[in-house]
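Containing mmCIF, C-alpha atoms: entry-v2.cif.
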data_run
#
loop_
_atom_site.label_atom_id
_atom_site.label_comp_id
_atom_site.auth_asym_id
_atom_site.auth_seq_id
_atom_site.Cartn_x
_atom_site.Cartn_y
_atom_site.Cartn_z
CA GLN A 25 39.80 1.34 96.07
CA VAL A 26 40.60 -0.72 92.98
CA GLN A 27 38.30 -3.27 91.41
CA LEU A 28 39.44 -5.94 88.97
CA VAL A 29 36.95 -7.98 86.96
CA GLU A 30 38.12 -10.90 84.84
CA SER A 31 36.27 -12.40 81.91
CA GLY A 32 36.91 -14.68 78.97
CA GLY A 33 37.38 -18.00 80.67
CA GLY A 34 35.68 -21.16 79.50
CA LEU A 35 36.05 -24.68 78.17
CA VAL A 36 38.32 -25.28 75.19
CA GLN A 37 39.93 -28.28 73.56
CA ALA A 38 43.66 -28.81 73.70
CA GLY A 39 45.38 -26.74 71.05
CA GLY A 40 42.70 -24.08 71.17
CA SER A 41 42.85 -20.44 72.24
CA LEU A 42 41.22 -18.13 74.75
CA ARG A 43 41.67 -14.47 75.56
CA LEU A 44 41.22 -13.38 79.13
CA SER A 45 40.38 -9.79 79.97
CA CYS A 46 40.78 -7.89 83.23
CA ALA A 47 38.99 -4.58 83.54
CA ALA A 48 40.36 -2.28 86.23
CA SER A 49 38.42 0.52 87.85
CA GLY A 50 38.51 2.72 90.91
CA ARG A 51 39.60 6.20 91.88
CA THR A 52 43.03 5.07 92.99
CA PHE A 53 43.93 2.88 90.03
CA GLY A 54 47.06 4.16 88.34
CA ARG A 55 48.44 3.69 84.84
CA TRP A 56 51.81 2.98 86.43
CA TYR A 57 50.50 -0.10 88.24
CA ALA A 58 52.12 -3.37 87.29
CA MET A 59 49.53 -5.95 86.22
CA GLY A 60 49.79 -9.69 86.41
CA TRP A 61 48.02 -12.97 85.84
CA PHE A 62 48.25 -15.86 88.24
CA ARG A 63 46.53 -19.25 88.22
CA GLN A 64 45.58 -21.93 90.68
CA ALA A 65 44.84 -25.52 89.72
CA PRO A 66 42.94 -27.89 92.02
CA GLY A 67 45.13 -29.06 94.86
CA LYS A 68 47.99 -26.77 93.87
CA GLU A 69 49.29 -23.44 95.05
CA ARG A 70 48.68 -20.24 93.15
CA GLU A 71 51.41 -19.68 90.58
CA PHE A 72 52.64 -16.78 88.49
CA VAL A 73 51.72 -16.81 84.78
CA ALA A 74 52.53 -13.43 83.25
CA ALA A 75 53.06 -9.78 84.15
CA ILE A 76 53.40 -6.44 82.41
CA SER A 77 54.99 -3.27 83.68
CA GLY A 78 53.27 0.07 84.01
CA SER A 79 55.08 1.38 80.97
CA THR A 80 54.38 -1.78 78.89
CA THR A 81 58.03 -2.00 77.96
CA ASN A 82 58.60 -5.04 80.12
CA THR A 83 56.80 -8.34 80.32
CA ALA A 84 57.51 -11.56 82.15
CA TYR A 85 56.24 -15.10 81.74
CA THR A 86 56.59 -18.35 83.55
CA ASP A 87 58.57 -20.85 81.47
CA SER A 88 55.67 -23.17 80.80
CA VAL A 89 53.70 -20.51 78.88
CA LYS A 90 56.48 -18.74 77.00
CA GLY A 91 55.76 -18.68 73.28
CA ARG A 92 52.10 -19.55 73.87
CA PHE A 93 50.70 -16.75 76.06
CA THR A 94 50.91 -13.01 75.49
CA ILE A 95 50.07 -10.31 78.02
CA SER A 96 49.09 -6.81 76.89
CA ARG A 97 47.28 -3.78 78.23
CA ASP A 98 45.02 -1.05 76.89
CA TYR A 99 45.41 2.21 78.79
CA VAL A 100 42.30 3.77 77.31
CA LYS A 101 40.12 0.88 78.47
CA ASN A 102 42.12 0.22 81.65
CA THR A 103 42.14 -3.41 80.62
CA VAL A 104 44.80 -6.11 80.65
CA TYR A 105 44.59 -9.10 78.35
CA LEU A 106 46.07 -12.57 78.36
CA GLN A 107 46.02 -14.20 74.96
CA MET A 108 46.42 -17.93 75.41
CA ASN A 109 47.24 -20.07 72.40
CA SER A 110 48.09 -23.76 72.00
CA LEU A 111 46.36 -24.51 75.26
CA LYS A 112 47.19 -27.71 77.10
CA PRO A 113 45.22 -29.67 79.70
CA GLU A 114 47.81 -28.62 82.29
CA ASP A 115 46.75 -25.00 81.75
CA THR A 116 43.44 -25.83 83.42
CA ALA A 117 43.05 -23.57 86.46
CA ILE A 118 41.31 -20.56 87.87
CA TYR A 119 43.06 -17.52 86.46
CA TYR A 120 43.36 -14.39 88.60
CA CYS A 121 44.19 -10.87 87.56
CA ALA A 122 46.25 -8.76 89.94
CA ALA A 123 47.39 -5.14 90.18
CA SER A 124 50.29 -3.70 92.14
CA SER A 125 50.41 -0.17 93.46
CA ARG A 126 53.82 -0.97 94.99
CA VAL A 127 55.85 -1.64 91.86
CA GLY A 128 55.68 -0.64 88.21
CA VAL A 129 57.87 -3.44 86.87
CA ALA A 130 56.61 -6.80 85.64
CA ALA A 131 56.63 -8.44 89.04
CA MET A 132 56.42 -12.22 89.37
CA THR A 133 55.84 -12.39 93.12
CA ALA A 134 52.25 -12.59 94.32
CA THR A 135 52.96 -10.72 97.54
CA LEU A 136 53.83 -7.59 95.56
CA TYR A 137 50.26 -7.38 94.27
CA ASP A 138 47.70 -5.70 96.51
CA HIS A 139 44.57 -5.95 94.37
CA TRP A 140 43.04 -9.15 93.04
CA GLY A 141 40.11 -10.13 90.88
CA GLN A 142 37.63 -12.87 91.64
CA GLY A 143 39.07 -15.28 89.10
CA THR A 144 37.84 -16.92 85.92
CA GLN A 145 37.85 -20.64 85.21
CA VAL A 146 39.82 -22.01 82.27
CA THR A 147 39.32 -25.68 81.43
CA VAL A 148 41.27 -27.39 78.66
CA SER A 149 40.06 -30.81 77.60
CA SER A 150 42.34 -33.41 76.07
#
Show me, as structure tokens, the structure contained in the file I just sent.
Amino acid sequence: QVQLVESGGGLVQAGGSLRLSCAASGRTFGRWYAMGWFRQAPGKEREFVAAISGSTTNTAYTDSVKGRFTISRDYVKNTVYLQMNSLKPEDTAIYYCAASSRVGVAAMTATLYDHWGQGTQVTVSS
């Protein structure tokens, strides 16, 4: 079983920064797993934000966060990070970490991920 625990969410003013962390654990968690971040705003469907491949050579971002968000991973700590800069009110959402045992590439499709965290709230005030 794989457990994912997110942290780092909070309230920030527009233009500010936050860094989300996702700590992975479990006997079956593999370094080759693709890792991703998704978010869900009130009244909206869950959407892809960023992903990183198992090898860290590939990353993917949704257009609205390119140039502002950066995904990275630390193999020693089994942790994935999402550095969020120049935050906007429209970034307000619950952010979920996800891991995929099915693919090692930076997958953007939620159905490819089979492990999910509980989510962390990010609120950006204008």
Counting only C-alpha atoms, the option among A:Ser31, A:Thr52, A:Gln64, A:Ser45 closest to Asp115 in chain A:
A:Gln64
Figure out the distance between CA of Ile118 in chain A and CA of Thr80 in chain A, please, to one decimal in Å.
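Taking CA of Thr80 in chain A as the start and CA of Ile118 in chain A as the end point, the length is 24.6 Å.
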Can you pull out the residues contacting Phe53 in chain A? Cut-off 6 Å, using all atoms listed in the file, and skip same-chain residues under 2 positions away; I want them as a list in words.
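Listed by chain and then number, they are Val26, Gly50 and Arg51 of chain A.
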Give me the residues within 9 Å of range 122-132 of chain A as an mmCIF file with C-alpha atoms, in the frame of the given file, counting only C-alpha atoms and dropping any in the same chain fewer than 6 places off.
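Output contents, as saved in around_4.cif:
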data_model
loop_
_atom_site.group_PDB
_atom_site.id
_atom_site.type_symbol
_atom_site.label_atom_id
_atom_site.label_comp_id
_atom_site.auth_asym_id
_atom_site.auth_seq_id
_atom_site.Cartn_x
_atom_site.Cartn_y
_atom_site.Cartn_z
ATOM 1 C CA VAL A 26 40.600 -0.720 92.980
ATOM 2 C CA LEU A 28 39.440 -5.940 88.970
ATOM 3 C CA CYS A 46 40.780 -7.890 83.230
ATOM 4 C CA ALA A 48 40.360 -2.280 86.230
ATOM 5 C CA PHE A 53 43.930 2.880 90.030
ATOM 6 C CA GLY A 54 47.060 4.160 88.340
ATOM 7 C CA TRP A 56 51.810 2.980 86.430
ATOM 8 C CA TYR A 57 50.500 -0.100 88.240
ATOM 9 C CA ALA A 58 52.120 -3.370 87.290
ATOM 10 C CA MET A 59 49.530 -5.950 86.220
ATOM 11 C CA GLY A 60 49.790 -9.690 86.410
ATOM 12 C CA TRP A 61 48.020 -12.970 85.840
ATOM 13 C CA PHE A 62 48.250 -15.860 88.240
ATOM 14 C CA PHE A 72 52.640 -16.780 88.490
ATOM 15 C CA VAL A 73 51.720 -16.810 84.780
ATOM 16 C CA ALA A 74 52.530 -13.430 83.250
ATOM 17 C CA ALA A 75 53.060 -9.780 84.150
ATOM 18 C CA ILE A 76 53.400 -6.440 82.410
ATOM 19 C CA SER A 77 54.990 -3.270 83.680
ATOM 20 C CA GLY A 78 53.270 0.070 84.010
ATOM 21 C CA SER A 79 55.080 1.380 80.970
ATOM 22 C CA THR A 80 54.380 -1.780 78.890
ATOM 23 C CA ASN A 82 58.600 -5.040 80.120
ATOM 24 C CA THR A 83 56.800 -8.340 80.320
ATOM 25 C CA ALA A 84 57.510 -11.560 82.150
ATOM 26 C CA TYR A 85 56.240 -15.100 81.740
ATOM 27 C CA THR A 86 56.590 -18.350 83.550
ATOM 28 C CA ASP A 138 47.700 -5.700 96.510
ATOM 29 C CA HIS A 139 44.570 -5.950 94.370
ATOM 30 C CA TRP A 140 43.040 -9.150 93.040
ATOM 31 C CA GLY A 141 40.110 -10.130 90.880
#
Counting all atoms listed in the file, which residue out of A:Gly34, A:Gly39, A:Gly91, A:Pro66 sits closest to Leu111 in chain A?
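Of all the options, A:Gly39 lies closest to Leu111 in chain A.
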